[in-house]
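Structure file coords_33.pdb; described as PDB, C-alpha atoms.
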ATOM      1  CA  MET A   1      20.725   9.161 -38.487
ATOM      2  CA  THR A   2      21.873   9.998 -34.943
ATOM      3  CA  VAL A   3      20.403   7.712 -32.289
ATOM      4  CA  THR A   4      19.473   9.488 -29.062
ATOM      5  CA  GLN A   5      20.334   7.693 -25.844
ATOM      6  CA  ILE A   6      19.414   8.460 -22.249
ATOM      7  CA  ALA A   7      21.504   7.169 -19.368
ATOM      8  CA  LEU A   8      18.968   6.622 -16.594
ATOM      9  CA  ARG A   9      20.020   7.339 -13.028
ATOM     10  CA  ILE A  10      17.625   6.502 -10.167
ATOM     11  CA  ASP A  11      18.323   8.093  -6.784
ATOM     12  CA  VAL A  12      16.829   6.362  -3.766
ATOM     13  CA  ASP A  13      16.958   8.776  -0.855
ATOM     14  CA  THR A  14      14.611   7.382   1.795
ATOM     15  CA  TYR A  15      13.121   4.362   3.515
ATOM     16  CA  ARG A  16       9.772   4.881   1.796
ATOM     17  CA  GLY A  17      11.414   5.311  -1.587
ATOM     18  CA  THR A  18      13.250   2.017  -1.119
ATOM     19  CA  ARG A  19      10.279   0.081   0.246
ATOM     20  CA  ASP A  20       7.547   1.385  -2.059
ATOM     21  CA  GLY A  21       9.186   3.157  -4.984
ATOM     22  CA  VAL A  22      11.915   0.741  -5.984
ATOM     23  CA  PRO A  23       9.686  -2.362  -6.408
ATOM     24  CA  ARG A  24       7.283  -0.363  -8.567
ATOM     25  CA  LEU A  25      10.144   0.988 -10.675
ATOM     26  CA  LEU A  26      11.529  -2.524 -11.098
ATOM     27  CA  ASP A  27       8.168  -3.656 -12.472
ATOM     28  CA  ILE A  28       7.907  -0.684 -14.849
ATOM     29  CA  LEU A  29      11.477  -1.028 -16.102
ATOM     30  CA  ALA A  30      11.097  -4.784 -16.620
ATOM     31  CA  ARG A  31       7.938  -4.238 -18.643
ATOM     32  CA  HIS A  32       9.859  -1.945 -21.002
ATOM     33  CA  GLY A  33      13.057  -4.005 -21.061
ATOM     34  CA  VAL A  34      15.122  -1.166 -19.571
ATOM     35  CA  THR A  35      17.992  -1.380 -17.114
ATOM     36  CA  ALA A  36      19.177   1.627 -15.118
ATOM     37  CA  THR A  37      21.683   2.692 -12.473
ATOM     38  CA  PHE A  38      20.263   2.766  -8.938
ATOM     39  CA  TYR A  39      22.034   4.842  -6.304
ATOM     40  CA  PHE A  40      20.929   3.778  -2.817
ATOM     41  CA  SER A  41      21.051   5.563   0.522
ATOM     42  CA  VAL A  42      21.551   2.765   3.035
ATOM     43  CA  GLY A  43      21.916   4.356   6.477
ATOM     44  CA  PRO A  44      19.385   6.105   8.735
ATOM     45  CA  ASP A  45      16.530   7.961   7.064
ATOM     46  CA  ASN A  46      16.686  11.375   8.722
ATOM     47  CA  MET A  47      15.252  13.356   5.823
ATOM     48  CA  GLY A  48      12.720  15.120   8.051
ATOM     49  CA  ARG A  49      15.570  17.117   9.550
ATOM     50  CA  HIS A  50      15.561  19.155   6.347
ATOM     51  CA  LEU A  51      12.523  21.000   7.729
ATOM     52  CA  TRP A  52      14.815  23.652   9.222
ATOM     53  CA  ARG A  53      15.473  24.729   5.635
ATOM     54  CA  LEU A  54      11.906  26.056   5.423
ATOM     55  CA  LEU A  55      13.438  29.209   6.876
ATOM     56  CA  ARG A  56      15.249  29.657   3.562
ATOM     57  CA  PRO A  57      12.954  31.293   0.947
ATOM     58  CA  ARG A  58      14.198  29.265  -2.051
ATOM     59  CA  PHE A  59      13.672  25.952  -0.261
ATOM     60  CA  LEU A  60      10.218  26.973   0.973
ATOM     61  CA  LEU A  61       9.255  28.050  -2.547
ATOM     62  CA  LYS A  62      10.418  24.712  -3.946
ATOM     63  CA  MET A  63       8.410  22.798  -1.314
ATOM     64  CA  LEU A  64       5.269  24.780  -2.123
ATOM     65  CA  ARG A  65       5.769  24.623  -5.907
ATOM     66  CA  SER A  66       6.215  20.835  -5.926
ATOM     67  CA  ASN A  67       3.499  20.214  -3.287
ATOM     68  CA  ALA A  68       6.057  18.234  -1.318
ATOM     69  CA  ALA A  69       3.703  16.907   1.341
ATOM     70  CA  SER A  70       1.636  14.979  -1.208
ATOM     71  CA  LEU A  71       4.655  14.182  -3.363
ATOM     72  CA  TYR A  72       6.863  12.673  -0.677
ATOM     73  CA  GLY A  73       4.411  11.894   2.126
ATOM     74  CA  TRP A  74       4.423  13.075   5.714
ATOM     75  CA  GLY A  75       6.467  10.044   6.758
ATOM     76  CA  ILE A  76       9.413  11.302   4.737
ATOM     77  CA  LEU A  77       8.959  14.942   5.747
ATOM     78  CA  PHE A  78       9.222  14.064   9.449
ATOM     79  CA  ALA A  79      11.574  11.052   9.276
ATOM     80  CA  GLY A  80      14.284  11.258  11.909
ATOM     81  CA  THR A  81      12.618  14.101  13.820
ATOM     82  CA  MET A  82       9.640  12.867  15.813
ATOM     83  CA  TRP A  83      11.061   9.331  15.810
ATOM     84  CA  PRO A  84      14.517   7.858  15.128
ATOM     85  CA  GLY A  85      15.438   7.350  11.493
ATOM     86  CA  ARG A  86      15.344   3.700  10.421
ATOM     87  CA  VAL A  87      18.494   2.218   8.890
ATOM     88  CA  ILE A  88      17.440   1.487   5.328
ATOM     89  CA  GLY A  89      19.986  -1.192   4.514
ATOM     90  CA  THR A  90      19.247  -3.174   7.657
ATOM     91  CA  HIS A  91      15.505  -3.380   7.009
ATOM     92  CA  LEU A  92      15.278  -3.307   3.200
ATOM     93  CA  GLY A  93      18.352  -5.116   1.927
ATOM     94  CA  GLY A  94      16.109  -7.538   0.050
ATOM     95  CA  VAL A  95      14.769  -4.720  -2.131
ATOM     96  CA  ILE A  96      18.308  -3.667  -3.051
ATOM     97  CA  ARG A  97      19.239  -7.259  -3.869
ATOM     98  CA  ALA A  98      16.159  -7.522  -6.095
ATOM     99  CA  ALA A  99      17.331  -4.517  -8.109
ATOM    100  CA  ASP A 100      20.770  -6.095  -8.446
ATOM    101  CA  ALA A 101      19.308  -9.469  -9.486
ATOM    102  CA  ALA A 102      17.236  -7.729 -12.185
ATOM    103  CA  GLY A 103      20.421  -6.548 -13.900
ATOM    104  CA  HIS A 104      20.459  -2.964 -12.748
ATOM    105  CA  GLU A 105      23.700  -1.247 -11.807
ATOM    106  CA  ILE A 106      23.967  -0.629  -8.056
ATOM    107  CA  GLY A 107      25.859   2.297  -6.589
ATOM    108  CA  LEU A 108      26.156   4.249  -3.347
ATOM    109  CA  HIS A 109      24.172   7.442  -2.898
ATOM    110  CA  ALA A 110      24.798   8.123   0.782
ATOM    111  CA  TRP A 111      24.992   6.668   4.249
ATOM    112  CA  ASP A 112      22.835   9.456   5.759
ATOM    113  CA  HIS A 113      21.394  11.501   2.879
ATOM    114  CA  GLN A 114      20.241  14.421   5.020
ATOM    115  CA  ARG A 115      23.498  14.694   6.961
ATOM    116  CA  TRP A 116      25.518  14.615   3.749
ATOM    117  CA  GLN A 117      23.562  17.449   2.158
ATOM    118  CA  ARG A 118      23.804  19.616   5.257
ATOM    119  CA  ARG A 119      27.317  18.905   6.518
ATOM    120  CA  ALA A 120      29.542  17.334   3.871
ATOM    121  CA  PRO A 121      30.761  20.670   2.435
ATOM    122  CA  ASP A 122      32.469  21.411   5.767
ATOM    123  CA  TRP A 123      33.890  17.956   6.503
ATOM    124  CA  SER A 124      37.537  16.992   6.302
ATOM    125  CA  VAL A 125      38.728  14.365   3.838
ATOM    126  CA  GLY A 126      38.912  11.885   6.711
ATOM    127  CA  ALA A 127      35.342  12.544   7.842
ATOM    128  CA  ILE A 128      34.056  12.210   4.271
ATOM    129  CA  HIS A 129      35.963   8.951   3.839
ATOM    130  CA  ASP A 130      34.491   7.553   7.058
ATOM    131  CA  GLU A 131      30.941   8.467   5.984
ATOM    132  CA  LEU A 132      31.376   6.940   2.527
ATOM    133  CA  SER A 133      33.008   3.828   3.977
ATOM    134  CA  ARG A 134      29.993   3.161   6.175
ATOM    135  CA  GLY A 135      27.811   3.260   3.097
ATOM    136  CA  THR A 136      30.048   1.141   0.870
ATOM    137  CA  ASP A 137      30.488  -1.453   3.629
ATOM    138  CA  MET A 138      26.734  -1.749   4.145
ATOM    139  CA  LEU A 139      25.957  -1.865   0.434
ATOM    140  CA  GLY A 140      28.745  -4.384  -0.146
ATOM    141  CA  GLN A 141      27.303  -6.675   2.508
ATOM    142  CA  ILE A 142      23.881  -6.460   0.873
ATOM    143  CA  ILE A 143      24.872  -7.232  -2.739
ATOM    144  CA  GLY A 144      27.938  -9.360  -2.008
ATOM    145  CA  ARG A 145      30.557  -7.030  -3.548
ATOM    146  CA  ARG A 146      31.741  -3.485  -3.149
ATOM    147  CA  PRO A 147      29.942  -0.969  -5.375
ATOM    148  CA  ASP A 148      32.152   0.545  -8.058
ATOM    149  CA  THR A 149      30.165   3.755  -8.576
ATOM    150  CA  SER A 150      28.718   6.474  -6.375
ATOM    151  CA  ALA A 151      26.647   9.647  -6.673
ATOM    152  CA  ALA A 152      26.858  12.404  -4.073
ATOM    153  CA  ALA A 153      23.513  13.121  -2.417
ATOM    154  CA  GLY A 154      22.011  16.341  -3.747
ATOM    155  CA  TRP A 155      25.047  16.826  -6.029
ATOM    156  CA  VAL A 156      26.876  18.094  -2.933
ATOM    157  CA  CYS A 157      30.508  17.554  -3.850
ATOM    158  CA  ASN A 158      33.828  19.391  -3.656
ATOM    159  CA  GLU A 159      37.531  18.661  -4.022
ATOM    160  CA  ARG A 160      37.719  16.948  -0.617
ATOM    161  CA  VAL A 161      34.871  14.624  -1.607
ATOM    162  CA  LEU A 162      36.703  13.657  -4.792
ATOM    163  CA  GLU A 163      39.881  13.032  -2.817
ATOM    164  CA  ALA A 164      38.066  10.791  -0.339
ATOM    165  CA  LYS A 165      36.342   8.879  -3.126
ATOM    166  CA  GLU A 166      39.690   8.110  -4.751
ATOM    167  CA  MET A 167      40.631   6.147  -1.620
ATOM    168  CA  LEU A 168      37.596   3.905  -2.136
ATOM    169  CA  GLY A 169      38.436   2.909  -5.708
ATOM    170  CA  PHE A 170      35.201   3.743  -7.517
ATOM    171  CA  ARG A 171      35.397   3.135 -11.289
ATOM    172  CA  TYR A 172      33.406   6.288 -11.956
ATOM    173  CA  ASN A 173      31.158   8.714 -10.084
ATOM    174  CA  SER A 174      28.132  10.885 -10.824
ATOM    175  CA  ASP A 175      28.519  13.809  -8.445
ATOM    176  CA  CYS A 176      27.795  16.881 -10.512
ATOM    177  CA  ARG A 177      25.718  18.611 -13.149
ATOM    178  CA  GLY A 178      27.230  19.207 -16.558
ATOM    179  CA  ARG A 179      27.341  18.315 -20.239
ATOM    180  CA  SER A 180      29.895  15.551 -20.886
ATOM    181  CA  VAL A 181      31.797  12.681 -19.298
ATOM    182  CA  PHE A 182      35.093  14.020 -17.966
ATOM    183  CA  VAL A 183      38.043  13.293 -15.712
ATOM    184  CA  PRO A 184      38.323  15.836 -12.871
ATOM    185  CA  GLU A 185      41.687  17.436 -12.278
ATOM    186  CA  LEU A 186      42.620  17.899  -8.640
ATOM    187  CA  ASP A 187      45.881  19.605  -7.642
ATOM    188  CA  GLY A 188      47.660  18.229 -10.677
ATOM    189  CA  HIS A 189      46.206  14.751 -10.271
ATOM    190  CA  THR A 190      43.248  13.170 -12.034
ATOM    191  CA  CYS A 191      40.325  11.382 -10.390
ATOM    192  CA  ALA A 192      37.849   8.730 -11.472
ATOM    193  CA  ALA A 193      35.656   9.810 -14.367
ATOM    194  CA  GLN A 194      32.492  11.796 -13.727
ATOM    195  CA  VAL A 195      29.177  11.175 -15.483
ATOM    196  CA  PRO A 196      27.205  14.366 -14.774
ATOM    197  CA  THR A 197      23.448  14.759 -14.755
ATOM    198  CA  THR A 198      22.585  16.826 -17.827
ATOM    199  CA  MET A 199      18.788  17.139 -17.548
ATOM    200  CA  PRO A 200      16.599  18.745 -14.850
ATOM    201  CA  THR A 201      14.699  16.691 -12.284
ATOM    202  CA  TYR A 202      10.970  16.619 -11.656
ATOM    203  CA  ASP A 203      11.096  18.754  -8.514
ATOM    204  CA  GLU A 204      13.177  21.384 -10.321
ATOM    205  CA  LEU A 205      10.716  21.779 -13.189
ATOM    206  CA  ILE A 206       7.219  21.051 -11.927
ATOM    207  CA  GLY A 207       5.144  24.129 -11.225
ATOM    208  CA  SER A 208       7.641  26.363 -12.982
ATOM    209  CA  GLY A 209       6.024  28.463 -15.686
ATOM    210  CA  ASP A 210       3.395  26.358 -17.446
ATOM    211  CA  ILE A 211       4.884  22.946 -16.581
ATOM    212  CA  THR A 212       2.339  20.482 -15.194
ATOM    213  CA  ASP A 213       2.109  16.707 -14.903
ATOM    214  CA  GLU A 214       0.183  16.713 -18.174
ATOM    215  CA  ASN A 215       3.007  18.230 -20.245
ATOM    216  CA  TYR A 216       6.009  17.275 -18.118
ATOM    217  CA  ASN A 217       7.132  14.309 -20.238
ATOM    218  CA  GLN A 218       7.250  16.395 -23.390
ATOM    219  CA  ARG A 219       9.038  19.230 -21.647
ATOM    220  CA  ILE A 220      11.738  16.948 -20.234
ATOM    221  CA  LEU A 221      12.292  15.451 -23.702
ATOM    222  CA  ASP A 222      12.904  18.979 -24.993
ATOM    223  CA  TYR A 223      16.171  18.908 -23.040
ATOM    224  CA  LEU A 224      17.561  15.980 -25.058
ATOM    225  CA  ARG A 225      20.663  16.667 -27.148
ATOM    226  CA  PRO A 226      20.919  14.084 -29.963
ATOM    227  CA  GLY A 227      24.393  12.595 -30.299
ATOM    228  CA  GLU A 228      25.559  14.043 -26.979
ATOM    229  CA  LEU A 229      25.477  12.921 -23.355
ATOM    230  CA  ASN A 230      21.963  12.753 -21.898
ATOM    231  CA  VAL A 231      21.728  11.750 -18.241
ATOM    232  CA  LEU A 232      18.303  11.845 -16.589
ATOM    233  CA  THR A 233      18.017  11.548 -12.811
ATOM    234  CA  ILE A 234      14.697  10.388 -11.390
ATOM    235  CA  HIS A 235      13.798   9.615  -7.785
ATOM    236  CA  ALA A 236      12.223   6.494  -6.333
ATOM    237  CA  GLU A 237      10.167   8.763  -4.075
ATOM    238  CA  VAL A 238       8.662  10.566  -7.076
ATOM    239  CA  GLU A 239       8.652   8.545 -10.304
ATOM    240  CA  GLY A 240       8.392   5.333  -8.279
ATOM    241  CA  ILE A 241       5.324   6.348  -6.275
ATOM    242  CA  VAL A 242       2.992   9.271  -7.053
ATOM    243  CA  CYS A 243       4.389   9.831 -10.569
ATOM    244  CA  SER A 244       4.820   6.176 -11.534
ATOM    245  CA  THR A 245       2.108   6.261 -14.207
ATOM    246  CA  MET A 246       3.690   9.343 -15.741
ATOM    247  CA  PHE A 247       7.099   7.619 -15.780
ATOM    248  CA  ASP A 248       5.580   4.517 -17.392
ATOM    249  CA  GLU A 249       4.164   6.768 -20.110
ATOM    250  CA  PHE A 250       7.564   8.450 -20.486
ATOM    251  CA  LEU A 251       9.180   5.107 -21.272
ATOM    252  CA  GLU A 252       6.448   4.376 -23.814
ATOM    253  CA  VAL A 253       7.113   7.687 -25.566
ATOM    254  CA  CYS A 254      10.856   6.995 -25.607
ATOM    255  CA  HIS A 255      10.266   3.600 -27.188
ATOM    256  CA  ALA A 256       7.940   5.064 -29.806
ATOM    257  CA  ARG A 257      10.537   7.683 -30.742
ATOM    258  CA  GLY A 258      13.437   5.223 -30.853
ATOM    259  CA  ILE A 259      15.148   6.750 -27.816
ATOM    260  CA  GLY A 260      17.296   4.184 -26.032
ATOM    261  CA  LEU A 261      17.699   4.024 -22.256
ATOM    262  CA  GLY A 262      20.368   2.262 -20.243
ATOM    263  CA  ARG A 263      22.812   2.213 -17.347
ATOM    264  CA  LEU A 264      25.397   4.911 -16.723
ATOM    265  CA  GLY A 265      28.156   2.345 -16.480
ATOM    266  CA  ASP A 266      27.481   1.131 -20.020
ATOM    267  CA  LEU A 267      28.024   4.525 -21.647
ATOM    268  CA  ARG A 268      30.480   4.335 -24.525
ATOM    269  CA  GLN A 269      31.900   7.687 -23.364
ATOM    270  CA  LEU A 270      33.309   5.881 -20.311
ATOM    271  CA  GLU A 271      35.365   3.495 -22.402
ATOM    272  CA  ASP A 272      38.147   5.964 -23.174
ATOM    273  CA  VAL A 273      37.652   9.264 -21.373
ATOM    274  CA  THR A 274      40.018  11.928 -22.641
ATOM    275  CA  GLY A 275      38.357  15.161 -21.535
ATOM    276  CA  ARG A 276      39.815  16.882 -18.474
ATOM    277  CA  ASP A 277      37.864  19.471 -16.523
ATOM    278  CA  GLY A 278      37.491  21.129 -13.172
ATOM    279  CA  ILE A 279      34.545  21.362 -10.825
ATOM    280  CA  ALA A 280      32.813  24.443  -9.443
ATOM    281  CA  GLN A 281      29.915  25.389  -7.186
ATOM    282  CA  ALA A 282      26.806  27.106  -8.565
ATOM    283  CA  PRO A 283      23.009  26.951  -8.211
ATOM    284  CA  VAL A 284      20.566  24.978 -10.344
ATOM    285  CA  GLN A 285      17.304  26.630 -11.340
ATOM    286  CA  GLY A 286      14.510  25.277  -9.163
ATOM    287  CA  ARG A 287      16.831  23.865  -6.468
ATOM    288  CA  ASP A 288      17.869  25.370  -3.141
ATOM    289  CA  GLY A 289      21.572  26.074  -2.636
ATOM    290  CA  ASP A 290      24.666  25.468  -4.702
ATOM    291  CA  VAL A 291      25.545  22.118  -6.264
ATOM    292  CA  CYS A 292      28.672  20.763  -7.909
ATOM    293  CA  TRP A 293      29.108  21.554 -11.615
ATOM    294  CA  GLN A 294      31.438  20.563 -14.398
ATOM    295  CA  ALA A 295      33.337  23.845 -14.678
ATOM    296  CA  SER A 296      33.226  24.156 -18.477
ATOM    297  CA  ALA A 297      29.435  23.636 -18.488
ATOM    298  CA  LEU A 298      29.047  26.801 -16.435
ATOM    299  CA  ARG A 299      31.172  28.750 -18.882
ATOM    300  CA  GLN A 300      29.096  27.459 -21.791
ATOM    301  CA  GLY A 301      25.900  28.574 -20.093
TER     302      GLY A 301
END
Written as structure tokens, that's how I'd like the structure from this file.
Amino acid sequence: MTVTQIALRIDVDTYRGTRDGVPRLLDILARHGVTATFYFSVGPDNMGRHLWRLLRPRFLLKMLRSNAASLYGWGILFAGTMWPGRVIGTHLGGVIRAADAAGHEIGLHAWDHQRWQRRAPDWSVGAIHDELSRGTDMLGQIIGRRPDTSAAAGWVCNERVLEAKEMLGFRYNSDCRGRSVFVPELDGHTCAAQVPTTMPTYDELIGSGDITDENYNQRILDYLRPGELNVLTIHAEVEGIVCSTMFDEFLEVCHARGIGLGRLGDLRQLEDVTGRDGIAQAPVQGRDGDVCWQASALRQG
């Protein structure tokens, strides 16, 4: 009998997600005996500056479909616009240390999440390295060691990002969408292994077709592929706050069905990665703009 496993990735994008969502997720995960991989944004919370994207129809549709104001809160939607963005790591380092002390894997998501999503595709390798270094330095000071994994904010990644990350010595990264753990090939050289997200996120699915909070857990489980890589990304701002009860119920269902959950860094597929692949840019259904993909996953459809 094939045992289905889910590698659980938790993105923490904002001040509110760190302050309110992470502690609640730590309680839920502890109750179910689950450890996960947390990717923290540690610099200024300027997420409200995404409001300019309301001019783009796909982003506006996503905001309306997911009822973003109630989902994320007005504090997040205007953070860094009407008032300066607070530096998350400076004010909430204790929350990050609590996640580390509980046995969860700690990685870097971003220094400035909003700036990365908007500007990183156009940055030079040097500018990307400087931005990542600010984040790794801050996170290292908080947990007492340099993080050995990272996940690009919004899956915004390209060849220059991979090149800059190689300078920082991450053991593996989770920067793209795809189907399997692989080693990216870059101009004849290989980079640290990638563990792609394989399953859709809440904001990509909710409100699409007949998907509601009442049937969401079942619908997300429909994406599981027994015996293959299953990586689920949740968000502290969503599953840690307004959808925390739903996430608690999701873990109960997984336990009842014998579905294991754990950290990305503990995946057996990382022990001896042999697959080589490229990366490419393409959209994800339910998300605005292109993201980074494992190239072969796009060809497979």
Exercise. Step by step, work through what the PyMOL selection byres ((chain A and resi 154) around 12) selects in the shown file, and finish by giving those residues as a PyMOL selection string.
Key: chain A and resi 11-13+39+41+109-110+112-121+151-153+155-157+174-177+197+201+233+235+283-284+287-293
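The residues returned by the PyMOL selection byres ((chain A and resi 86-90) around 6) for this structure are Tyr15, Val42, Gly43, Pro44, Asp45, Gly85, His91, Leu92 and Gly93 of chain A.
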Quiz item: Using only C-alpha atoms, which of the listed residues (A:Thr136, A:Ser150, A:Gln218, A:Asn158) sits closest to A:Tyr172?
Solution: A:Ser150
Counting all atoms listed in the file, I want the residues whose atoms come within 10 Å of (36.6, 6.4, -9.6) in the file frame, returned as a compact mmCIF listing (two decimals) with C-alpha atoms, keeping the file's coordinate frame.
# COMPACT_ATOMS: atom_id res chain seq x y z
CA ASP A 148 32.15 0.55 -8.06
CA THR A 149 30.16 3.76 -8.58
CA SER A 150 28.72 6.47 -6.38
CA LEU A 162 36.70 13.66 -4.79
CA LYS A 165 36.34 8.88 -3.13
CA GLU A 166 39.69 8.11 -4.75
CA MET A 167 40.63 6.15 -1.62
CA LEU A 168 37.60 3.90 -2.14
CA GLY A 169 38.44 2.91 -5.71
CA PHE A 170 35.20 3.74 -7.52
CA ARG A 171 35.40 3.14 -11.29
CA TYR A 172 33.41 6.29 -11.96
CA ASN A 173 31.16 8.71 -10.08
CA SER A 174 28.13 10.88 -10.82
CA VAL A 183 38.04 13.29 -15.71
CA THR A 190 43.25 13.17 -12.03
CA CYS A 191 40.33 11.38 -10.39
CA ALA A 192 37.85 8.73 -11.47
CA ALA A 193 35.66 9.81 -14.37
CA GLN A 194 32.49 11.80 -13.73
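Interatomic distance, atom CA of A:Gly103 against atom CA of A:Ile6: 17.2 Å.
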Quiz item: Which residues fall under the PyMOL selection byres ((chain A and resi 37) around 12) in this file, as a PyMOL selection string?
Solution: chain A and resi 6-12+22+25-26+29+34-36+38-40+96+99-100+102-109+147-151+173-174+195+231-236+261-267
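For the pair atom CA of A:Asp210 and atom CA of A:Met47, the separation is 29.2 Å.
With atom CA of A:Thr4 on one side and atom CA of A:Gly17 on the other, the separation reads 28.9 Å.
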Self-check item: Residues near A:Ala164, cut-off 7 Å, all atoms listed in the file, skip fewer than 4 positions along chain, as a list in words
Solution: Val125, Ile128, His129 and Arg160 of chain A
Quiz item: Which neighbours of stretch 240-252 of chain A fall inside 6 Å, counting only C-alpha atoms, when residues of the same chain fewer than 5 positions from it are skipped, and could you give them as a VMD selection string?
Solution: chain A and resid 21 24 to 25 217
Selection export as a PDB file, keeping the file's coordinate frame, atoms kept: C-alpha atoms:
ATOM      1  CA  GLY A  21       9.186   3.157  -4.984  1.00  0.00           C
ATOM      2  CA  ARG A  24       7.283  -0.363  -8.567  1.00  0.00           C
ATOM      3  CA  LEU A  25      10.144   0.988 -10.675  1.00  0.00           C
ATOM      4  CA  ASN A 217       7.132  14.309 -20.238  1.00  0.00           C
TER       5      ASN A 217
END
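With only C-alpha atoms as the atoms that count, the residue of A:Gly178, A:Ile28, A:Arg146, A:Asn215 with the shortest distance to A:Arg299 is A:Gly178.
Nearest-residue note for A:Val273: choosing from A:Phe182, A:Tyr202, A:Tyr216, A:Tyr223, the minimum distance belongs to A:Phe182, counting all atoms listed in the file.
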Quiz prompt | Using all atoms listed in the file: which of A:Pro200, A:Gly94, A:Gly260, A:Pro84 has the shortest distance to A:Arg19 | solution = A:Gly94
Can you tell me, as an mmCIF file with C-alpha atoms, keeping the file's coordinate frame, what residues are no more than 7 Å from stretch 203-205 of chain A when counting all atoms listed in the file, ignoring any on the same chain fewer than 5 positions away?
data_model
loop_
_atom_site.group_PDB
_atom_site.id
_atom_site.type_symbol
_atom_site.label_atom_id
_atom_site.label_comp_id
_atom_site.auth_asym_id
_atom_site.auth_seq_id
_atom_site.Cartn_x
_atom_site.Cartn_y
_atom_site.Cartn_z
ATOM 1 C CA SER A 66 6.215 20.835 -5.926
ATOM 2 C CA ILE A 211 4.884 22.946 -16.581
ATOM 3 C CA GLN A 285 17.304 26.630 -11.340
ATOM 4 C CA GLY A 286 14.510 25.277 -9.163
ATOM 5 C CA ARG A 287 16.831 23.865 -6.468
#
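Using only C-alpha atoms, the smallest distance between any of A:Pro196, A:Pro226, A:Gly207, A:Gly258 and A:Ala297 comes from A:Pro196.
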Return stretch 214-231 of chain A, completed with N, CA and C atoms, as an mmCIF file, in the coordinates of the input.
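The new file part33.cif reads:
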data_model
loop_
_atom_site.group_PDB
_atom_site.id
_atom_site.type_symbol
_atom_site.label_atom_id
_atom_site.label_comp_id
_atom_site.auth_asym_id
_atom_site.auth_seq_id
_atom_site.Cartn_x
_atom_site.Cartn_y
_atom_site.Cartn_z
ATOM 1 N N GLU A 214 0.722 17.060 -16.855
ATOM 2 C CA GLU A 214 0.183 16.713 -18.174
ATOM 3 C C GLU A 214 1.197 16.959 -19.292
ATOM 4 N N ASN A 215 2.041 17.956 -19.166
ATOM 5 C CA ASN A 215 3.007 18.230 -20.245
ATOM 6 C C ASN A 215 4.449 17.980 -19.837
ATOM 7 N N TYR A 216 4.646 17.441 -18.633
ATOM 8 C CA TYR A 216 6.009 17.275 -18.118
ATOM 9 C C TYR A 216 6.863 16.382 -19.008
ATOM 10 N N ASN A 217 6.332 15.238 -19.431
ATOM 11 C CA ASN A 217 7.132 14.309 -20.238
ATOM 12 C C ASN A 217 7.654 14.966 -21.506
ATOM 13 N N GLN A 218 6.806 15.709 -22.178
ATOM 14 C CA GLN A 218 7.250 16.395 -23.390
ATOM 15 C C GLN A 218 8.294 17.453 -23.069
ATOM 16 N N ARG A 219 8.101 18.171 -21.980
ATOM 17 C CA ARG A 219 9.038 19.230 -21.647
ATOM 18 C C ARG A 219 10.407 18.668 -21.282
ATOM 19 N N ILE A 220 10.441 17.529 -20.586
ATOM 20 C CA ILE A 220 11.738 16.948 -20.234
ATOM 21 C C ILE A 220 12.450 16.437 -21.488
ATOM 22 N N LEU A 221 11.683 15.914 -22.456
ATOM 23 C CA LEU A 221 12.292 15.451 -23.702
ATOM 24 C C LEU A 221 12.856 16.610 -24.520
ATOM 25 N N ASP A 222 12.368 17.812 -24.290
ATOM 26 C CA ASP A 222 12.904 18.979 -24.993
ATOM 27 C C ASP A 222 14.353 19.255 -24.616
ATOM 28 N N TYR A 223 14.789 18.693 -23.492
ATOM 29 C CA TYR A 223 16.171 18.908 -23.040
ATOM 30 C C TYR A 223 17.160 17.930 -23.681
ATOM 31 N N LEU A 224 16.669 16.956 -24.431
ATOM 32 C CA LEU A 224 17.561 15.980 -25.058
ATOM 33 C C LEU A 224 18.455 16.649 -26.096
ATOM 34 N N ARG A 225 19.713 16.190 -26.147
ATOM 35 C CA ARG A 225 20.663 16.667 -27.148
ATOM 36 C C ARG A 225 21.123 15.452 -27.962
ATOM 37 N N PRO A 226 20.562 15.244 -29.141
ATOM 38 C CA PRO A 226 20.919 14.084 -29.963
ATOM 39 C C PRO A 226 22.422 14.014 -30.214
ATOM 40 N N GLY A 227 22.980 12.807 -30.046
ATOM 41 C CA GLY A 227 24.393 12.595 -30.299
ATOM 42 C C GLY A 227 25.305 13.032 -29.178
ATOM 43 N N GLU A 228 24.754 13.609 -28.112
ATOM 44 C CA GLU A 228 25.559 14.043 -26.979
ATOM 45 C C GLU A 228 25.136 13.282 -25.727
ATOM 46 N N LEU A 229 25.800 13.584 -24.613
ATOM 47 C CA LEU A 229 25.477 12.921 -23.355
ATOM 48 C C LEU A 229 24.139 13.403 -22.825
ATOM 49 N N ASN A 230 23.254 12.454 -22.517
ATOM 50 C CA ASN A 230 21.963 12.753 -21.898
ATOM 51 C C ASN A 230 21.818 11.876 -20.658
ATOM 52 N N VAL A 231 21.876 12.486 -19.492
ATOM 53 C CA VAL A 231 21.728 11.750 -18.241
ATOM 54 C C VAL A 231 20.521 12.311 -17.495
#
